[in-house]
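J.: Dropping the structure in here first, questions after.
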There are 2 protein chains.
Amino acid sequence: MNTYAWDATPTHEFAAEPSVVLKVLDQTRLPFEVEYVEIADVAACCRAITAMQVRGAPLLGVVAAYGIAIAVHHDASDSALTRSLELLAATRPTAINLHWALSKMARGLWSVPEPERFSAAVKLANAIAQSEADCCRAIGEHGAAWIREHSGERRELNILTHCNAGWLATGAWGTALAPIYALQQQGHKLHVWVDETRPRNQGARLTAWELAQAGIPHTIIADNAAGHLMQHGMVDVVIVGSDRTTASGDVCNKIGTYQKALAARDNDVPFLVALPVSTIDWTITDGVRDIPIEQRDASEVVLLSGPDDDGIARTIRVASVGSSAANFAFDVTPSRLVTTLITERGCIPAKTEAMAALRSE
Amino acid sequence: MNTYAWDATPTHEFAAEPSVVLKVLDQTRLPFEVEYVEIADVAACCRAITAMQVRGAPLLGVVAAYGIAIAVHHDASDSALTRSLELLAATRPTAINLHWALSKMARGLWSVPEPERFSAAVKLANAIAQSEADCCRAIGEHGAAWIREHSGERRELNILTHCNAGWLATGAWGTALAPIYALQQQGHKLHVWVDETRPRNQGARLTAWELAQAGIPHTIIADNAAGHLMQHGMVDVVIVGSDRTTASGDVCNKIGTYQKALAARDNDVPFLVALPVSTIDWTITDGVRDIPIEQRDASEVVLLSGPDDDGIARTIRVASVGSSAANFAFDVTPSRLVTTLITERGCIPAKTEAMAALRSE
């Protein structure tokens with residue numbers, strides 16, 4: 001059941017008996033509370049996705065697949081299946097993996113007679129979850145091999161990461177964090193610098209919590225500190241994930257990634273990007289010019305939430321009242337700053353020719 | 001009295017009658033409350049400095065000078081003067097301007113007969129305040145001239161700044177913000193991108209508030225966003241201050257400055273550093289190697305304070321509980337990334353020869 005070496009808190013658990021239910025870890029309450037949400041019908045599954053209780057593109061696909069299985073358990077008819085697919089598809093219109101998983105469920109279930117649909121749906125959802133885990137595990141192994149090969153005789157590896165691309169986002173292993181977990185399993189001594197990742201603090205909240213669960217030594221830093229650490233030889237390698245990668249190797253990832261890549265280049269620190277091949281957008285070659293960058297609500301910059309001394313959740317203002325804020329969610333790191341891309345099929349240079357070869361494989 | 005074009009909230013006000021008192025703006029309560037602390041004796045002056053109700057190297061010097069004047073009013077004897085100088089010197093042992101101002105007061109007062117010491121002290125303190133304002137004003141004019149000369153026909157200038165090097169830190173004009181205020185007075189259309197400046201948020205709290213007071217359009221951004229803005233032509237120039245500048249032009253400033261300088265260089269955006277000549281450390285030539293970087297308490301990274309919806313001040317945790325944090329306060333930007341240094345004596349390249357010439361002037 002557990003695909004980790006350590007005893008990880010699972011992001012989701014599906015049970016077919018005594019009743020059909022999916023439990024998902026409520027990521028809006030992490031790291032301060034570890035609570036599960038029980039999903040027993042498709043409406044509850046939609047709510048968990050919309051409220052961002054589950055997040056991370058691969059995990060969304062897995063959860064939506066189990067959501068379909070639950071829906072089929074209640075009503076295996078064609079019309080009910082169609083309605084469930086529509087409801088889940090509408091939750092996060094731009095999440096690619098979610099739509100990929102729903103298409104896979106639809107294709108796999110239409111031809112199955114109604115009485116057998118539930119067991120077929122569970123098998124398909126399990127297969128999607130397993131395939132995501134396998135993909136992440138392969139990324140972990142390829143990334144760990146690259147780092148071992150390039151890190152010489154260092155006794156301890158200092159790795160810096162930005163945002164959260166760990167098992168909380170994928171259901172198992174993660175992408176950027178997968179090589180870290182693989183190195184840990186192989187017995188390497190590690191320490192991870194965790195960018196807090198303003199404005200939503202996914203680093204300080206999720207990555208730090210994940211690494212603590214896995215028993216990996218780590219230190220949270222302000223996003224401003226990465227350059228200083230690299231100048232002083234305190235970072236051996238940077239690993240980040242990718243939300244979208246162009247056919248030329250430009251990497252769109254959480255805002256601030258580009259500044260870390262510049263600091264890595266200025267200090268000869270390898271800058272690695274871990275990604276499933278499925279996140280490559282083969283239609284785009286100039287990421288800075290052509291990838292639209294989502295702007296989110298300014299309140300994420302000027303307000304912050306968390307527990308006070310008494311453990312009571314509070315939201316406070318951290319900026320001047322009369323001032324507005326801008327909130328760009330992602331940026332693009334040009335391929336020239338990327339040392340290597342780590343995919344489930346191996347490590348390749350962030351170059352058009354190498355990527356085209358990967359595609360034609 | 002007011003050295004600004006706009007009706008600024010003063011950082012300090014000294015009155016000799018009806019009673020001798022110094023009022024200082026309580027910067028720990030900004031931007032949420034505008035409150036003054038009344039200083040009527042040297043102990044109160046020390047408390048205001050120690051509690052960081054006043055901050056910024058030049059302003060600390062001014063306030064300490066008035067503190068001596070107040071002390072002399074109560075007791076003009078040599079022994080009382082010595083004691084007051086010692087008490088104030090002990091408040092912030094590393095603040096260069098504070099010790100410079102105290103030395104100036106000591107030298108100016110020893111030879112003055114006791115009955116005339118108070119009026120001499122007030123005159124000296126006024127002169128120190130005026131000299132800081134003049135220095136900043138000159139930085140503003142030189143910086144504005146440089147920017148005008150290099151900005152071509154742009155209708156609106158977009159300027160990015162990091163941390164707070166404004167009039168709140170100096171008592172008048174500021175250093176990094178002085179050219180912005182000078183351009184505003186000259187009728188230029190401006191917009192300022194304000195880095196929030198984690199972990200202490202001096203940008204979001206102080207710089208944003210200062211610019212709002214001056215009626216200058218501005219937008220707060222996460223520190224992660226600067227690179228993205230520069231990639232998309234949304235920044236015409238970056239201006240920052242300096243806590244210490246080497247004889248070779250390396251700039252030690254608030255953590256994160258180096259990453260902004262890298263982004264500026266990668267996008268051909270001028271990177272300007274505004275500083276009084278007094279902050280140049282002529283004994284150091286390699287800033288990255290030789291400037292010690294202060295590490296502050298980790299709590300500044302993982303806890304944040306501010307008012308909740310009801311205006312009640314709260315402190316919340318913004319990071320995972322089981323994780324530690326590191327808090328480097330400054331970093332060093334190598335001179336190769338600095339387009340020009342703006343000093344009160346003019347703009348000079350961040351190069352050893354040019355700086356040596358400045359010194360010998």
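Letters A, B, ... go to the chains of the structure tokens in the order shown; residues in each chain start at 1; ligands are counted from 1 in the same order.
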Determine, for each residue of chain A having at least one atom at most 6 Å from an atom of chain B, the closest pair of atoms and their separation in Å to one decimal, counting only C-alpha atoms; order by chain and ascending number, as JSON lines.
T.:
```
{"residue": "A:Pro31", "atom": "CA", "partner": "B:Ser320", "partner_atom": "CA", "distance": 5.3}
{"residue": "A:Ala204", "atom": "CA", "partner": "B:Ala319", "partner_atom": "CA", "distance": 4.6}
{"residue": "A:Arg205", "atom": "CA", "partner": "B:Ala319", "partner_atom": "CA", "distance": 4.8}
{"residue": "A:Trp209", "atom": "CA", "partner": "B:Ser320", "partner_atom": "CA", "distance": 5.6}
{"residue": "A:Thr219", "atom": "CA", "partner": "B:Ala325", "partner_atom": "CA", "distance": 4.9}
{"residue": "A:Ile220", "atom": "CA", "partner": "B:Ala325", "partner_atom": "CA", "distance": 4.3}
{"residue": "A:Ile221", "atom": "CA", "partner": "B:Ala326", "partner_atom": "CA", "distance": 5.5}
{"residue": "A:Asn224", "atom": "CA", "partner": "B:Gly256", "partner_atom": "CA", "distance": 3.9}
{"residue": "A:Ala225", "atom": "CA", "partner": "B:Gly256", "partner_atom": "CA", "distance": 5.9}
{"residue": "A:Gly227", "atom": "CA", "partner": "B:Gln259", "partner_atom": "CA", "distance": 5.9}
{"residue": "A:His228", "atom": "CA", "partner": "B:Asp331", "partner_atom": "CA", "distance": 5.6}
{"residue": "A:Ile255", "atom": "CA", "partner": "B:Asn224", "partner_atom": "CA", "distance": 5.7}
{"residue": "A:Gly256", "atom": "CA", "partner": "B:Asn224", "partner_atom": "CA", "distance": 3.9}
{"residue": "A:Gln259", "atom": "CA", "partner": "B:Gly227", "partner_atom": "CA", "distance": 5.9}
{"residue": "A:Gly306", "atom": "CA", "partner": "B:Ile316", "partner_atom": "CA", "distance": 5.3}
{"residue": "A:Pro307", "atom": "CA", "partner": "B:Ile316", "partner_atom": "CA", "distance": 5.3}
{"residue": "A:Asp308", "atom": "CA", "partner": "B:Ile316", "partner_atom": "CA", "distance": 4.3}
{"residue": "A:Thr315", "atom": "CA", "partner": "B:Asp308", "partner_atom": "CA", "distance": 5.7}
{"residue": "A:Ile316", "atom": "CA", "partner": "B:Asp308", "partner_atom": "CA", "distance": 4.3}
{"residue": "A:Arg317", "atom": "CA", "partner": "B:Gly306", "partner_atom": "CA", "distance": 5.3}
{"residue": "A:Val318", "atom": "CA", "partner": "B:Gly306", "partner_atom": "CA", "distance": 5.5}
{"residue": "A:Ala319", "atom": "CA", "partner": "B:Ala204", "partner_atom": "CA", "distance": 4.6}
{"residue": "A:Ser320", "atom": "CA", "partner": "B:Arg205", "partner_atom": "CA", "distance": 5.0}
{"residue": "A:Ser324", "atom": "CA", "partner": "B:Thr219", "partner_atom": "CA", "distance": 5.3}
{"residue": "A:Ala325", "atom": "CA", "partner": "B:Ile220", "partner_atom": "CA", "distance": 4.3}
{"residue": "A:Ala326", "atom": "CA", "partner": "B:Ile221", "partner_atom": "CA", "distance": 5.5}
{"residue": "A:Asp331", "atom": "CA", "partner": "B:His228", "partner_atom": "CA", "distance": 5.6}
```
J.: Using the selection just defined, write its residues with N, CA, C and O atoms as an mmCIF file, in the first residue's frame.
T.:
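Everything below was put into out.cif:
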```cif
data_model
loop_
_atom_site.group_PDB
_atom_site.id
_atom_site.type_symbol
_atom_site.label_atom_id
_atom_site.label_comp_id
_atom_site.auth_asym_id
_atom_site.auth_seq_id
_atom_site.Cartn_x
_atom_site.Cartn_y
_atom_site.Cartn_z
ATOM 1 N N PRO A 31 -0.018 23.118 7.562
ATOM 2 C CA PRO A 31 0.629 22.073 8.354
ATOM 3 C C PRO A 31 0.136 22.060 9.801
ATOM 4 O O PRO A 31 0.686 21.362 10.630
ATOM 5 N N ALA A 204 7.053 26.939 3.098
ATOM 6 C CA ALA A 204 7.080 26.973 4.564
ATOM 7 C C ALA A 204 5.988 26.096 5.170
ATOM 8 O O ALA A 204 6.149 25.537 6.256
ATOM 9 N N ARG A 205 4.853 25.995 4.460
ATOM 10 C CA ARG A 205 3.734 25.231 5.009
ATOM 11 C C ARG A 205 3.772 23.764 4.581
ATOM 12 O O ARG A 205 3.677 22.867 5.417
ATOM 13 N N TRP A 209 6.611 20.669 5.980
ATOM 14 C CA TRP A 209 5.850 19.633 6.685
ATOM 15 C C TRP A 209 6.133 18.256 6.096
ATOM 16 O O TRP A 209 6.348 17.281 6.819
ATOM 17 N N THR A 219 15.626 23.453 6.432
ATOM 18 C CA THR A 219 15.574 24.779 7.034
ATOM 19 C C THR A 219 14.760 25.685 6.130
ATOM 20 O O THR A 219 15.034 25.769 4.927
ATOM 21 N N ILE A 220 13.783 26.361 6.708
ATOM 22 C CA ILE A 220 12.970 27.312 5.938
ATOM 23 C C ILE A 220 13.751 28.623 5.813
ATOM 24 O O ILE A 220 14.365 29.090 6.771
ATOM 25 N N ILE A 221 13.717 29.210 4.624
ATOM 26 C CA ILE A 221 14.347 30.519 4.424
ATOM 27 C C ILE A 221 13.375 31.450 3.696
ATOM 28 O O ILE A 221 12.486 30.991 2.974
ATOM 29 N N ASN A 224 14.151 35.623 -0.338
ATOM 30 C CA ASN A 224 15.262 36.534 -0.590
ATOM 31 C C ASN A 224 16.633 35.937 -0.299
ATOM 32 O O ASN A 224 17.648 36.504 -0.697
ATOM 33 N N ALA A 225 16.687 34.821 0.435
ATOM 34 C CA ALA A 225 17.973 34.337 0.964
ATOM 35 C C ALA A 225 18.744 33.417 0.020
ATOM 36 O O ALA A 225 19.947 33.196 0.213
ATOM 37 N N GLY A 227 20.046 33.540 -2.968
ATOM 38 C CA GLY A 227 21.260 34.044 -3.609
ATOM 39 C C GLY A 227 22.437 34.090 -2.653
ATOM 40 O O GLY A 227 23.547 33.667 -2.984
ATOM 41 N N HIS A 228 22.193 34.577 -1.453
ATOM 42 C CA HIS A 228 23.253 34.644 -0.436
ATOM 43 C C HIS A 228 23.808 33.251 -0.134
ATOM 44 O O HIS A 228 25.023 33.060 -0.047
ATOM 45 N N ILE A 255 6.058 31.563 -9.139
ATOM 46 C CA ILE A 255 6.731 32.860 -9.178
ATOM 47 C C ILE A 255 7.976 32.834 -8.272
ATOM 48 O O ILE A 255 7.925 32.349 -7.137
ATOM 49 N N GLY A 256 9.087 33.342 -8.809
ATOM 50 C CA GLY A 256 10.336 33.363 -8.050
ATOM 51 C C GLY A 256 11.339 32.330 -8.521
ATOM 52 O O GLY A 256 12.536 32.439 -8.244
ATOM 53 N N GLN A 259 14.293 33.821 -10.489
ATOM 54 C CA GLN A 259 15.351 34.466 -9.698
ATOM 55 C C GLN A 259 16.305 33.437 -9.079
ATOM 56 O O GLN A 259 17.502 33.689 -8.952
ATOM 57 N N GLY A 306 -2.936 32.023 9.767
ATOM 58 C CA GLY A 306 -2.205 31.012 10.518
ATOM 59 C C GLY A 306 -2.677 31.039 11.955
ATOM 60 O O GLY A 306 -3.434 31.934 12.345
ATOM 61 N N PRO A 307 -2.234 30.068 12.744
ATOM 62 C CA PRO A 307 -2.674 30.022 14.133
ATOM 63 C C PRO A 307 -1.914 31.032 15.000
ATOM 64 O O PRO A 307 -0.722 31.266 14.791
ATOM 65 N N ASP A 308 -2.607 31.620 15.966
ATOM 66 C CA ASP A 308 -1.912 32.475 16.941
ATOM 67 C C ASP A 308 -1.343 31.601 18.059
ATOM 68 O O ASP A 308 -1.378 30.367 17.968
ATOM 69 N N THR A 315 -6.484 35.730 10.541
ATOM 70 C CA THR A 315 -6.003 36.332 9.307
ATOM 71 C C THR A 315 -5.583 37.756 9.623
ATOM 72 O O THR A 315 -6.353 38.516 10.208
ATOM 73 N N ILE A 316 -4.346 38.088 9.288
ATOM 74 C CA ILE A 316 -3.840 39.426 9.612
ATOM 75 C C ILE A 316 -3.385 40.138 8.351
ATOM 76 O O ILE A 316 -3.104 39.514 7.330
ATOM 77 N N ARG A 317 -3.300 41.458 8.454
ATOM 78 C CA ARG A 317 -2.783 42.265 7.360
ATOM 79 C C ARG A 317 -1.286 42.488 7.584
ATOM 80 O O ARG A 317 -0.867 42.833 8.682
ATOM 81 N N VAL A 318 -0.493 42.273 6.542
ATOM 82 C CA VAL A 318 0.956 42.394 6.694
ATOM 83 C C VAL A 318 1.517 43.522 5.833
ATOM 84 O O VAL A 318 2.726 43.620 5.640
ATOM 85 N N ALA A 319 0.647 44.371 5.306
ATOM 86 C CA ALA A 319 1.089 45.464 4.437
ATOM 87 C C ALA A 319 0.269 46.711 4.740
ATOM 88 O O ALA A 319 -0.815 46.628 5.328
ATOM 89 N N SER A 320 0.800 47.837 4.317
ATOM 90 C CA SER A 320 0.141 49.117 4.520
ATOM 91 C C SER A 320 -1.279 49.108 3.937
ATOM 92 O O SER A 320 -1.516 48.552 2.872
ATOM 93 N N SER A 324 -2.076 49.083 -2.850
ATOM 94 C CA SER A 324 -2.547 47.903 -3.558
ATOM 95 C C SER A 324 -1.374 46.961 -3.821
ATOM 96 O O SER A 324 -0.213 47.329 -3.644
ATOM 97 N N ALA A 325 -1.676 45.757 -4.249
ATOM 98 C CA ALA A 325 -0.632 44.766 -4.507
ATOM 99 C C ALA A 325 -0.916 44.050 -5.813
ATOM 100 O O ALA A 325 -2.055 44.015 -6.274
ATOM 101 N N ALA A 326 0.131 43.521 -6.421
ATOM 102 C CA ALA A 326 -0.026 42.679 -7.614
ATOM 103 C C ALA A 326 0.430 41.271 -7.253
ATOM 104 O O ALA A 326 1.310 41.090 -6.408
ATOM 105 N N ASP A 331 6.281 32.337 -13.055
ATOM 106 C CA ASP A 331 7.173 33.019 -13.981
ATOM 107 C C ASP A 331 7.815 31.979 -14.889
ATOM 108 O O ASP A 331 7.584 30.777 -14.726
#
```
J.: Taking 5 positions as the minimum chain separation for residues in the same chain, which residues sit within 12 Å of Ala138 in chain A when counting only C-alpha atoms? Answer as a list of chain:residue names.
T.: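 These residues fall inside the cut-off: A:Ser131, A:Glu132, A:Ala133, A:Gly143, A:Ala144, A:Ala145, A:Ala172, A:Trp173, A:Gly174, A:Thr175, A:Ala176, A:Ala178, A:Pro179, A:Tyr181, A:Ala182, A:Ala274, A:Leu275, A:Pro276, A:Val277, A:Ile342, A:Thr343, A:Glu344, A:Arg345, A:Gly346, A:Cys347.
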J.: May I have the residues from that selection written out with N, CA, C and O atoms, as an mmCIF file, in the first residue's frame?
T.:
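Generated file (again-v4.cif):
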```cif
data_model
loop_
_atom_site.group_PDB
_atom_site.id
_atom_site.type_symbol
_atom_site.label_atom_id
_atom_site.label_comp_id
_atom_site.auth_asym_id
_atom_site.auth_seq_id
_atom_site.Cartn_x
_atom_site.Cartn_y
_atom_site.Cartn_z
ATOM 1 N N SER A 131 0.088 4.680 -11.811
ATOM 2 C CA SER A 131 0.876 5.241 -12.906
ATOM 3 C C SER A 131 1.523 6.576 -12.502
ATOM 4 O O SER A 131 2.676 6.854 -12.837
ATOM 5 N N GLU A 132 0.793 7.396 -11.741
ATOM 6 C CA GLU A 132 1.386 8.641 -11.230
ATOM 7 C C GLU A 132 2.545 8.322 -10.291
ATOM 8 O O GLU A 132 3.598 8.955 -10.340
ATOM 9 N N ALA A 133 2.337 7.341 -9.421
ATOM 10 C CA ALA A 133 3.393 6.966 -8.474
ATOM 11 C C ALA A 133 4.619 6.429 -9.204
ATOM 12 O O ALA A 133 5.762 6.774 -8.884
ATOM 13 N N GLY A 143 16.705 11.440 -11.209
ATOM 14 C CA GLY A 143 17.256 12.651 -10.595
ATOM 15 C C GLY A 143 18.350 12.326 -9.589
ATOM 16 O O GLY A 143 19.403 12.973 -9.559
ATOM 17 N N ALA A 144 18.103 11.295 -8.780
ATOM 18 C CA ALA A 144 19.099 10.899 -7.778
ATOM 19 C C ALA A 144 20.391 10.452 -8.460
ATOM 20 O O ALA A 144 21.497 10.787 -8.010
ATOM 21 N N ALA A 145 20.248 9.710 -9.562
ATOM 22 C CA ALA A 145 21.436 9.244 -10.288
ATOM 23 C C ALA A 145 22.232 10.435 -10.832
ATOM 24 O O ALA A 145 23.462 10.480 -10.733
ATOM 25 N N ALA A 172 2.224 10.565 -4.350
ATOM 26 C CA ALA A 172 3.363 9.708 -4.025
ATOM 27 C C ALA A 172 4.645 10.331 -4.559
ATOM 28 O O ALA A 172 4.673 10.804 -5.692
ATOM 29 N N TRP A 173 5.693 10.365 -3.761
ATOM 30 C CA TRP A 173 7.017 10.808 -4.165
ATOM 31 C C TRP A 173 7.121 12.290 -4.520
ATOM 32 O O TRP A 173 7.990 12.970 -4.016
ATOM 33 N N GLY A 174 6.272 12.748 -5.437
ATOM 34 C CA GLY A 174 6.434 14.120 -5.912
ATOM 35 C C GLY A 174 7.255 14.173 -7.176
ATOM 36 O O GLY A 174 7.650 13.144 -7.732
ATOM 37 N N THR A 175 7.530 15.387 -7.634
ATOM 38 C CA THR A 175 8.413 15.542 -8.798
ATOM 39 C C THR A 175 9.750 16.120 -8.302
ATOM 40 O O THR A 175 10.729 15.396 -8.178
ATOM 41 N N ALA A 176 9.774 17.407 -7.927
ATOM 42 C CA ALA A 176 11.033 18.006 -7.456
ATOM 43 C C ALA A 176 11.562 17.294 -6.212
ATOM 44 O O ALA A 176 12.777 17.177 -6.022
ATOM 45 N N ALA A 178 11.027 14.104 -5.402
ATOM 46 C CA ALA A 178 11.259 12.672 -5.607
ATOM 47 C C ALA A 178 12.751 12.301 -5.577
ATOM 48 O O ALA A 178 13.135 11.332 -4.914
ATOM 49 N N PRO A 179 13.636 13.062 -6.258
ATOM 50 C CA PRO A 179 15.063 12.713 -6.170
ATOM 51 C C PRO A 179 15.599 12.835 -4.735
ATOM 52 O O PRO A 179 16.509 12.092 -4.346
ATOM 53 N N TYR A 181 13.841 12.195 -1.951
ATOM 54 C CA TYR A 181 13.416 10.989 -1.247
ATOM 55 C C TYR A 181 14.212 9.774 -1.723
ATOM 56 O O TYR A 181 14.548 8.896 -0.929
ATOM 57 N N ALA A 182 14.523 9.728 -3.012
ATOM 58 C CA ALA A 182 15.301 8.598 -3.534
ATOM 59 C C ALA A 182 16.718 8.601 -2.940
ATOM 60 O O ALA A 182 17.230 7.564 -2.521
ATOM 61 N N ALA A 274 12.342 19.013 -12.416
ATOM 62 C CA ALA A 274 11.745 17.671 -12.461
ATOM 63 C C ALA A 274 10.319 17.766 -12.979
ATOM 64 O O ALA A 274 9.533 18.569 -12.467
ATOM 65 N N LEU A 275 9.993 16.963 -13.980
ATOM 66 C CA LEU A 275 8.655 17.068 -14.579
ATOM 67 C C LEU A 275 8.259 15.786 -15.280
ATOM 68 O O LEU A 275 9.089 15.125 -15.901
ATOM 69 N N PRO A 276 6.982 15.422 -15.208
ATOM 70 C CA PRO A 276 6.490 14.343 -16.057
ATOM 71 C C PRO A 276 6.434 14.850 -17.498
ATOM 72 O O PRO A 276 6.144 16.036 -17.723
ATOM 73 N N VAL A 277 6.707 13.980 -18.458
ATOM 74 C CA VAL A 277 6.676 14.376 -19.870
ATOM 75 C C VAL A 277 5.305 14.975 -20.226
ATOM 76 O O VAL A 277 5.202 15.860 -21.076
ATOM 77 N N ILE A 342 14.689 16.622 -15.566
ATOM 78 C CA ILE A 342 14.575 15.239 -15.086
ATOM 79 C C ILE A 342 13.164 14.754 -15.407
ATOM 80 O O ILE A 342 12.193 15.279 -14.854
ATOM 81 N N THR A 343 13.041 13.786 -16.305
ATOM 82 C CA THR A 343 11.714 13.241 -16.622
ATOM 83 C C THR A 343 11.681 11.774 -16.211
ATOM 84 O O THR A 343 12.714 11.194 -15.851
ATOM 85 N N GLU A 344 10.493 11.172 -16.305
ATOM 86 C CA GLU A 344 10.369 9.747 -15.967
ATOM 87 C C GLU A 344 11.105 8.876 -16.986
ATOM 88 O O GLU A 344 11.374 7.704 -16.725
ATOM 89 N N ARG A 345 11.476 9.484 -18.140
ATOM 90 C CA ARG A 345 12.207 8.701 -19.141
ATOM 91 C C ARG A 345 13.702 8.981 -19.108
ATOM 92 O O ARG A 345 14.449 8.552 -19.981
ATOM 93 N N GLY A 346 14.136 9.773 -18.126
ATOM 94 C CA GLY A 346 15.564 10.054 -18.003
ATOM 95 C C GLY A 346 15.846 11.548 -17.976
ATOM 96 O O GLY A 346 14.922 12.361 -18.087
ATOM 97 N N CYS A 347 17.130 11.908 -17.802
ATOM 98 C CA CYS A 347 17.521 13.316 -17.751
ATOM 99 C C CYS A 347 17.920 13.767 -19.148
ATOM 100 O O CYS A 347 18.705 13.093 -19.822
#
```
J.: Which residue is closest to Ala90 in chain B? Choose from B:Arg47, B:Ser19, B:Ala357, B:Ala8 and count only C-alpha atoms.
T.: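 Closest to Ala90 in chain B of all the choices is B:Arg47.
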J.: Just want the 12 Å neighbourhood of Lys104 in chain B, counted on only C-alpha atoms, with same-chain residues fewer than 6 positions away dropped. Output as a ChimeraX atom specification.
T.: /B:61-62,64-65,68,85,97-98,110,120-121,123-125,127-128
J.: Select from range 83-221 of chain B everything DSSP, run on the backbone, classes as strand (DSSP E), then give the selection as a ChimeraX atom specification.
T.: /B:156-161,189-195,218-221
J.: Identify, on the basis of only C-alpha atoms, every residue whose closest approach to Met230 in chain A does not exceed 8 Å; exclude the query and any residue fewer than 4 positions from it along the same chain; express the result as a JSON list (two decimals) with all heavy atoms, in the first residue's frame.
T.:
```json
[["chain", "number", "residue", "atom", "x", "y", "z"],
["A", 226, "ALA", "N", 18.07, 32.87, -1.01],
["A", 226, "ALA", "CA", 18.70, 31.84, -1.84],
["A", 226, "ALA", "C", 20.02, 32.31, -2.45],
["A", 226, "ALA", "O", 21.01, 31.57, -2.48],
["A", 226, "ALA", "CB", 17.73, 31.39, -2.93],
["A", 234, "MET", "N", 26.69, 27.23, 0.07],
["A", 234, "MET", "CA", 25.83, 26.47, 0.96],
["A", 234, "MET", "C", 24.73, 25.69, 0.21],
["A", 234, "MET", "O", 23.90, 25.06, 0.83],
["A", 234, "MET", "CB", 25.21, 27.40, 2.01],
["A", 234, "MET", "CG", 26.25, 27.93, 3.00],
["A", 234, "MET", "SD", 25.51, 28.83, 4.39],
["A", 234, "MET", "CE", 25.43, 30.49, 3.71],
["A", 235, "VAL", "N", 24.76, 25.77, -1.12],
["A", 235, "VAL", "CA", 23.77, 25.02, -1.92],
["A", 235, "VAL", "C", 24.54, 24.23, -2.98],
["A", 235, "VAL", "O", 25.30, 24.80, -3.76],
["A", 235, "VAL", "CB", 22.78, 25.98, -2.62],
["A", 235, "VAL", "CG1", 21.77, 25.20, -3.46],
["A", 235, "VAL", "CG2", 22.05, 26.85, -1.60],
["A", 263, "ALA", "N", 20.41, 33.04, -9.78],
["A", 263, "ALA", "CA", 21.40, 32.93, -8.70],
["A", 263, "ALA", "C", 22.22, 31.65, -8.87],
["A", 263, "ALA", "O", 23.43, 31.63, -8.64],
["A", 263, "ALA", "CB", 20.71, 32.96, -7.34],
["A", 264, "ALA", "N", 21.55, 30.56, -9.27],
["A", 264, "ALA", "CA", 22.27, 29.30, -9.48],
["A", 264, "ALA", "C", 23.31, 29.47, -10.59],
["A", 264, "ALA", "O", 24.47, 29.10, -10.44],
["A", 264, "ALA", "CB", 21.28, 28.19, -9.84],
["A", 267, "ASN", "N", 26.43, 31.37, -9.70],
["A", 267, "ASN", "CA", 27.31, 30.71, -8.74],
["A", 267, "ASN", "C", 27.65, 29.28, -9.14],
["A", 267, "ASN", "O", 28.11, 28.49, -8.30],
["A", 267, "ASN", "CB", 26.65, 30.74, -7.36],
["A", 267, "ASN", "CG", 26.52, 32.16, -6.83],
["A", 267, "ASN", "OD1", 27.49, 32.77, -6.40],
["A", 267, "ASN", "ND2", 25.31, 32.71, -6.90],
["A", 269, "VAL", "N", 25.88, 26.71, -9.68],
["A", 269, "VAL", "CA", 25.12, 25.66, -8.98],
["A", 269, "VAL", "C", 24.17, 25.02, -10.00],
["A", 269, "VAL", "O", 23.45, 25.74, -10.70],
["A", 269, "VAL", "CB", 24.32, 26.27, -7.81],
["A", 269, "VAL", "CG1", 23.40, 25.24, -7.17],
["A", 269, "VAL", "CG2", 25.25, 26.89, -6.77]]
```
